[in-house]
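Engineer: Pasting in a structure now, in structure tokens, and then I'll have a few things to ask.
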There are 2 protein chains.
Amino acid sequence: MARERFAQQGYAATSVRGIATAAGVDSALVHHYFGTKEDLFVASLELRIDPRVIAPTITAGGREEAGERLVRLLLSVWDDEESRLPLMGLVRSVFEPESRALVPEAFGRLILGPVGDALELDEPERRMTLVASQLVGIVVLRYVAQIEPLASAPAETLVATYAPVVQGYLTGPLP
Amino acid sequence: MARERFAQQGYAATSVRGIATAAGVDSALVHHYFGTKEDLFVASLELRIDPRVIAPTITAGGREEAGERLVRLLLSVWDDEESRLPLMGLVRSVFEPESRALVPEAFGRLILGPVGDALELDEPERRMTLVASQLVGIVVLRYVAQIEPLASAPAETLVATYAPVVQGYLTGPLP
């Protein structure tokens, strides 16, 4: 219910009051159980971990380690079968016109935006979409389509392969 | 009909005879109208151009230009609205369990495999899945999810950004 509304209307245009009304309950009740609008949004994603804990983990080692940390964390979350299932549903939603914006909005708002801010990148939005374009491709080929030899490559080999590329998108020169 | 069978059974296990039988026609008729099994497979993808013309275009400039040519060709095909529509359907099919293998099989067999062979790459399968992981990510972010600033970036800026990465996957050192 909340997830559909965020997907259809976008985060900014969705109100806790609107969701509460549609659910036939008082908005104070929704606030009581879920907290802020962002908390409700996160809960609606139904992930195993709160994605807001990810950005500090990635930026803790500073700018020069962030690429490697991003790739390693992506692989560790997706390699875990229980985490993968709800994420798979989220990725699929990108291909449904009415929820196309949900995942980019969620990951932009909750993970990539804060990472870009914490690392004080120049052109953070541009850099973060480049990063996302590589990470999403890994997800689609390794976990969704399960293409070999990528699907069964050891995570550390992939970290060594992809970290320099992601680091380049974060802090390298851009055309 | 043919496309569903290729999707469900994979290319190798699908026969022209089986498709003809399921369609209630003689297999000679299918051969007459469509040619070889590969021709039938290509026709079943319903694309605007025959994907088999792509590999020679990419490899014509030799190994050191192949990364740039791959990125530029990907963008020119997807930036064209009429070409994009059937491709969008193919990309979506990766998320349907029964047709997960169709797109990777098609693009591996018809484009990436021949490119890897023509360039005489070491570890062609590994390198080509790395290339695909970046190209697929561009497609998902720029055309499917339409994330800014990637969605409206000029093609030539993206060629300059992504070509060195794709070239590195093709001919650079691997861990």
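If you're wondering about the labels, chains in the structure tokens are A, B, ... by order shown, residues count from 1 in each chain, ligands from 1 in order shown.
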Considering only helix (DSSP H, G or I) as DSSP defines it on the backbone, what residues of segment 3-173 of chain A qualify? List them as a ChimeraX atom specification.

Structural biologist: /A:3-9,16-23,27-34,37-45,51-59,63-79,81-93,97-99,102-118,124-144,155-171

Engineer: Using every C-alpha atom paired in order, could you least-squares fit chain A onto chain B and give me the moved chain as an mmCIF file with C-alpha atoms, in the first residue's frame?

Structural biologist:
```cif
data_model
loop_
_atom_site.group_PDB
_atom_site.id
_atom_site.type_symbol
_atom_site.label_atom_id
_atom_site.label_comp_id
_atom_site.auth_asym_id
_atom_site.auth_seq_id
_atom_site.Cartn_x
_atom_site.Cartn_y
_atom_site.Cartn_z
ATOM 1 C CA MET A 1 5.778 -19.018 -30.802
ATOM 2 C CA ALA A 2 9.375 -19.593 -31.956
ATOM 3 C CA ARG A 3 10.562 -16.988 -29.456
ATOM 4 C CA GLU A 4 8.809 -18.684 -26.537
ATOM 5 C CA ARG A 5 10.330 -22.028 -27.428
ATOM 6 C CA PHE A 6 13.844 -20.625 -27.721
ATOM 7 C CA ALA A 7 13.294 -18.813 -24.411
ATOM 8 C CA GLN A 8 12.015 -21.866 -22.569
ATOM 9 C CA GLN A 9 14.262 -24.551 -24.011
ATOM 10 C CA GLY A 10 17.387 -22.601 -24.866
ATOM 11 C CA TYR A 11 18.851 -22.316 -28.343
ATOM 12 C CA ALA A 12 20.659 -25.641 -28.502
ATOM 13 C CA ALA A 13 17.680 -27.770 -27.423
ATOM 14 C CA THR A 14 15.191 -26.062 -29.740
ATOM 15 C CA SER A 15 14.621 -27.569 -33.180
ATOM 16 C CA VAL A 16 13.005 -26.067 -36.254
ATOM 17 C CA ARG A 17 11.023 -29.298 -36.519
ATOM 18 C CA GLY A 18 9.671 -28.845 -32.975
ATOM 19 C CA ILE A 19 8.589 -25.292 -33.701
ATOM 20 C CA ALA A 20 6.971 -26.352 -36.985
ATOM 21 C CA THR A 21 5.101 -29.219 -35.314
ATOM 22 C CA ALA A 22 3.841 -26.918 -32.545
ATOM 23 C CA ALA A 23 2.665 -24.482 -35.220
ATOM 24 C CA GLY A 24 0.978 -27.298 -37.144
ATOM 25 C CA VAL A 25 3.052 -26.831 -40.306
ATOM 26 C CA ASP A 26 5.699 -28.810 -42.142
ATOM 27 C CA SER A 27 9.275 -27.988 -41.091
ATOM 28 C CA ALA A 28 10.245 -27.591 -44.768
ATOM 29 C CA LEU A 29 7.851 -24.655 -44.892
ATOM 30 C CA VAL A 30 9.537 -23.018 -41.917
ATOM 31 C CA HIS A 31 12.950 -23.533 -43.517
ATOM 32 C CA HIS A 32 11.641 -22.099 -46.771
ATOM 33 C CA TYR A 33 10.367 -18.908 -45.184
ATOM 34 C CA PHE A 34 12.948 -18.349 -42.452
ATOM 35 C CA GLY A 35 16.124 -20.148 -43.570
ATOM 36 C CA THR A 36 18.351 -21.748 -40.956
ATOM 37 C CA LYS A 37 17.613 -22.243 -37.265
ATOM 38 C CA GLU A 38 19.752 -19.197 -36.513
ATOM 39 C CA ASP A 39 17.779 -17.150 -39.062
ATOM 40 C CA LEU A 40 14.561 -18.250 -37.389
ATOM 41 C CA PHE A 41 15.983 -17.339 -33.988
ATOM 42 C CA VAL A 42 16.956 -13.872 -35.228
ATOM 43 C CA ALA A 43 13.534 -13.386 -36.831
ATOM 44 C CA SER A 44 11.864 -14.416 -33.568
ATOM 45 C CA LEU A 45 13.615 -11.556 -31.752
ATOM 46 C CA GLU A 46 11.691 -9.098 -33.971
ATOM 47 C CA LEU A 47 14.428 -6.472 -34.000
ATOM 48 C CA ARG A 48 14.736 -3.730 -36.590
ATOM 49 C CA ILE A 49 18.241 -4.731 -37.625
ATOM 50 C CA ASP A 50 19.839 -8.136 -37.865
ATOM 51 C CA PRO A 51 22.124 -8.271 -34.806
ATOM 52 C CA ARG A 52 24.612 -10.336 -36.846
ATOM 53 C CA VAL A 53 25.698 -7.210 -38.743
ATOM 54 C CA ILE A 54 26.877 -5.603 -35.504
ATOM 55 C CA ALA A 55 29.990 -7.648 -34.707
ATOM 56 C CA PRO A 56 31.828 -6.847 -37.963
ATOM 57 C CA THR A 57 31.120 -3.126 -37.454
ATOM 58 C CA ILE A 58 32.627 -3.252 -33.992
ATOM 59 C CA THR A 59 35.719 -5.205 -34.896
ATOM 60 C CA ALA A 60 36.484 -3.376 -38.162
ATOM 61 C CA GLY A 61 38.701 -0.823 -36.371
ATOM 62 C CA GLY A 62 40.741 -3.480 -34.588
ATOM 63 C CA ARG A 63 41.231 -4.309 -30.903
ATOM 64 C CA GLU A 64 42.084 -0.835 -29.655
ATOM 65 C CA GLU A 65 38.962 0.805 -31.067
ATOM 66 C CA ALA A 66 36.497 -1.897 -30.138
ATOM 67 C CA GLY A 67 35.510 -0.461 -26.744
ATOM 68 C CA GLU A 68 34.612 2.901 -28.221
ATOM 69 C CA ARG A 69 32.749 1.334 -31.124
ATOM 70 C CA LEU A 70 30.741 -0.887 -28.790
ATOM 71 C CA VAL A 71 29.597 2.015 -26.642
ATOM 72 C CA ARG A 72 28.831 4.279 -29.615
ATOM 73 C CA LEU A 73 26.823 1.596 -31.385
ATOM 74 C CA LEU A 74 24.875 0.677 -28.252
ATOM 75 C CA LEU A 75 23.902 4.325 -27.761
ATOM 76 C CA SER A 76 22.997 4.917 -31.399
ATOM 77 C CA VAL A 77 20.698 1.883 -31.491
ATOM 78 C CA TRP A 78 19.026 2.649 -28.155
ATOM 79 C CA ASP A 79 18.782 6.407 -28.784
ATOM 80 C CA ASP A 80 16.672 5.558 -31.861
ATOM 81 C CA GLU A 81 13.082 5.371 -30.692
ATOM 82 C CA GLU A 82 11.953 2.774 -33.209
ATOM 83 C CA SER A 83 14.820 0.418 -32.405
ATOM 84 C CA ARG A 84 14.331 0.867 -28.694
ATOM 85 C CA LEU A 85 10.829 -0.518 -28.428
ATOM 86 C CA PRO A 86 11.483 -4.168 -29.365
ATOM 87 C CA LEU A 87 14.745 -4.074 -27.388
ATOM 88 C CA MET A 88 12.887 -2.931 -24.290
ATOM 89 C CA GLY A 89 10.728 -6.037 -24.509
ATOM 90 C CA LEU A 90 13.826 -8.213 -24.774
ATOM 91 C CA VAL A 91 15.456 -6.617 -21.732
ATOM 92 C CA ARG A 92 12.276 -7.066 -19.724
ATOM 93 C CA SER A 93 12.305 -10.783 -20.575
ATOM 94 C CA VAL A 94 15.468 -11.212 -18.469
ATOM 95 C CA PHE A 95 13.264 -10.690 -15.408
ATOM 96 C CA GLU A 96 10.794 -13.404 -16.341
ATOM 97 C CA PRO A 97 12.050 -16.772 -15.056
ATOM 98 C CA GLU A 98 10.956 -18.714 -18.137
ATOM 99 C CA SER A 99 12.805 -16.457 -20.577
ATOM 100 C CA ARG A 100 15.761 -15.383 -18.426
ATOM 101 C CA ALA A 101 18.257 -16.981 -20.797
ATOM 102 C CA LEU A 102 16.875 -15.613 -24.061
ATOM 103 C CA VAL A 103 18.600 -12.240 -24.183
ATOM 104 C CA PRO A 104 21.988 -13.354 -22.866
ATOM 105 C CA GLU A 105 21.896 -16.238 -25.303
ATOM 106 C CA ALA A 106 20.925 -14.001 -28.202
ATOM 107 C CA PHE A 107 23.482 -11.302 -27.517
ATOM 108 C CA GLY A 108 26.188 -13.735 -26.541
ATOM 109 C CA ARG A 109 25.662 -15.857 -29.635
ATOM 110 C CA LEU A 110 25.032 -13.139 -32.181
ATOM 111 C CA ILE A 111 27.154 -10.203 -31.047
ATOM 112 C CA LEU A 112 29.530 -10.645 -28.110
ATOM 113 C CA GLY A 113 30.777 -14.119 -29.060
ATOM 114 C CA PRO A 114 31.716 -13.106 -32.611
ATOM 115 C CA VAL A 115 33.330 -9.880 -31.347
ATOM 116 C CA GLY A 116 35.451 -11.829 -28.867
ATOM 117 C CA ASP A 117 36.462 -14.293 -31.562
ATOM 118 C CA ALA A 118 37.303 -11.643 -34.134
ATOM 119 C CA LEU A 119 39.434 -9.684 -31.671
ATOM 120 C CA GLU A 120 41.179 -12.896 -30.579
ATOM 121 C CA LEU A 121 40.793 -12.009 -26.912
ATOM 122 C CA ASP A 122 42.255 -14.111 -24.144
ATOM 123 C CA GLU A 123 39.465 -15.269 -21.816
ATOM 124 C CA PRO A 124 36.781 -14.027 -24.232
ATOM 125 C CA GLU A 125 33.816 -15.212 -22.165
ATOM 126 C CA ARG A 126 35.018 -13.567 -19.000
ATOM 127 C CA ARG A 127 35.869 -10.332 -20.789
ATOM 128 C CA MET A 128 32.593 -10.261 -22.651
ATOM 129 C CA THR A 129 30.502 -10.677 -19.511
ATOM 130 C CA LEU A 130 32.400 -7.740 -17.958
ATOM 131 C CA VAL A 131 31.640 -5.675 -21.067
ATOM 132 C CA ALA A 132 28.019 -6.757 -20.949
ATOM 133 C CA SER A 133 27.745 -5.835 -17.256
ATOM 134 C CA GLN A 134 28.598 -2.225 -18.101
ATOM 135 C CA LEU A 135 26.501 -1.997 -21.254
ATOM 136 C CA VAL A 136 23.434 -3.502 -19.571
ATOM 137 C CA GLY A 137 23.796 -1.034 -16.710
ATOM 138 C CA ILE A 138 23.803 1.875 -19.175
ATOM 139 C CA VAL A 139 20.655 0.503 -20.809
ATOM 140 C CA VAL A 140 18.832 0.065 -17.496
ATOM 141 C CA LEU A 141 19.714 3.507 -16.126
ATOM 142 C CA ARG A 142 19.517 5.629 -19.282
ATOM 143 C CA TYR A 143 16.609 4.008 -21.122
ATOM 144 C CA VAL A 144 14.574 1.905 -18.717
ATOM 145 C CA ALA A 145 14.703 3.832 -15.415
ATOM 146 C CA GLN A 146 15.617 7.109 -17.214
ATOM 147 C CA ILE A 147 17.789 8.456 -14.417
ATOM 148 C CA GLU A 148 19.191 11.961 -14.755
ATOM 149 C CA PRO A 149 21.728 13.230 -15.616
ATOM 150 C CA LEU A 150 22.447 9.975 -17.494
ATOM 151 C CA ALA A 151 19.149 9.907 -19.401
ATOM 152 C CA SER A 152 19.725 13.183 -21.232
ATOM 153 C CA ALA A 153 23.529 13.233 -21.417
ATOM 154 C CA PRO A 154 24.826 13.691 -24.985
ATOM 155 C CA ALA A 155 25.837 10.375 -26.521
ATOM 156 C CA GLU A 156 29.387 11.589 -27.233
ATOM 157 C CA THR A 157 29.943 12.492 -23.574
ATOM 158 C CA LEU A 158 28.918 8.982 -22.631
ATOM 159 C CA VAL A 159 31.166 7.481 -25.301
ATOM 160 C CA ALA A 160 34.094 9.427 -23.822
ATOM 161 C CA THR A 161 33.133 8.304 -20.305
ATOM 162 C CA TYR A 162 32.467 4.637 -20.899
ATOM 163 C CA ALA A 163 34.770 3.713 -23.814
ATOM 164 C CA PRO A 164 37.946 3.510 -21.667
ATOM 165 C CA VAL A 165 36.172 1.258 -19.162
ATOM 166 C CA VAL A 166 34.809 -1.079 -21.819
ATOM 167 C CA GLN A 167 38.196 -1.093 -23.552
ATOM 168 C CA GLY A 168 39.793 -2.055 -20.239
ATOM 169 C CA TYR A 169 37.440 -4.997 -19.913
ATOM 170 C CA LEU A 170 38.285 -6.060 -23.480
ATOM 171 C CA THR A 171 42.050 -5.738 -23.517
ATOM 172 C CA GLY A 172 43.279 -4.526 -20.109
ATOM 173 C CA PRO A 173 44.843 -6.641 -17.358
ATOM 174 C CA LEU A 174 42.433 -8.816 -15.363
ATOM 175 C CA PRO A 175 42.920 -9.848 -11.720
#
```
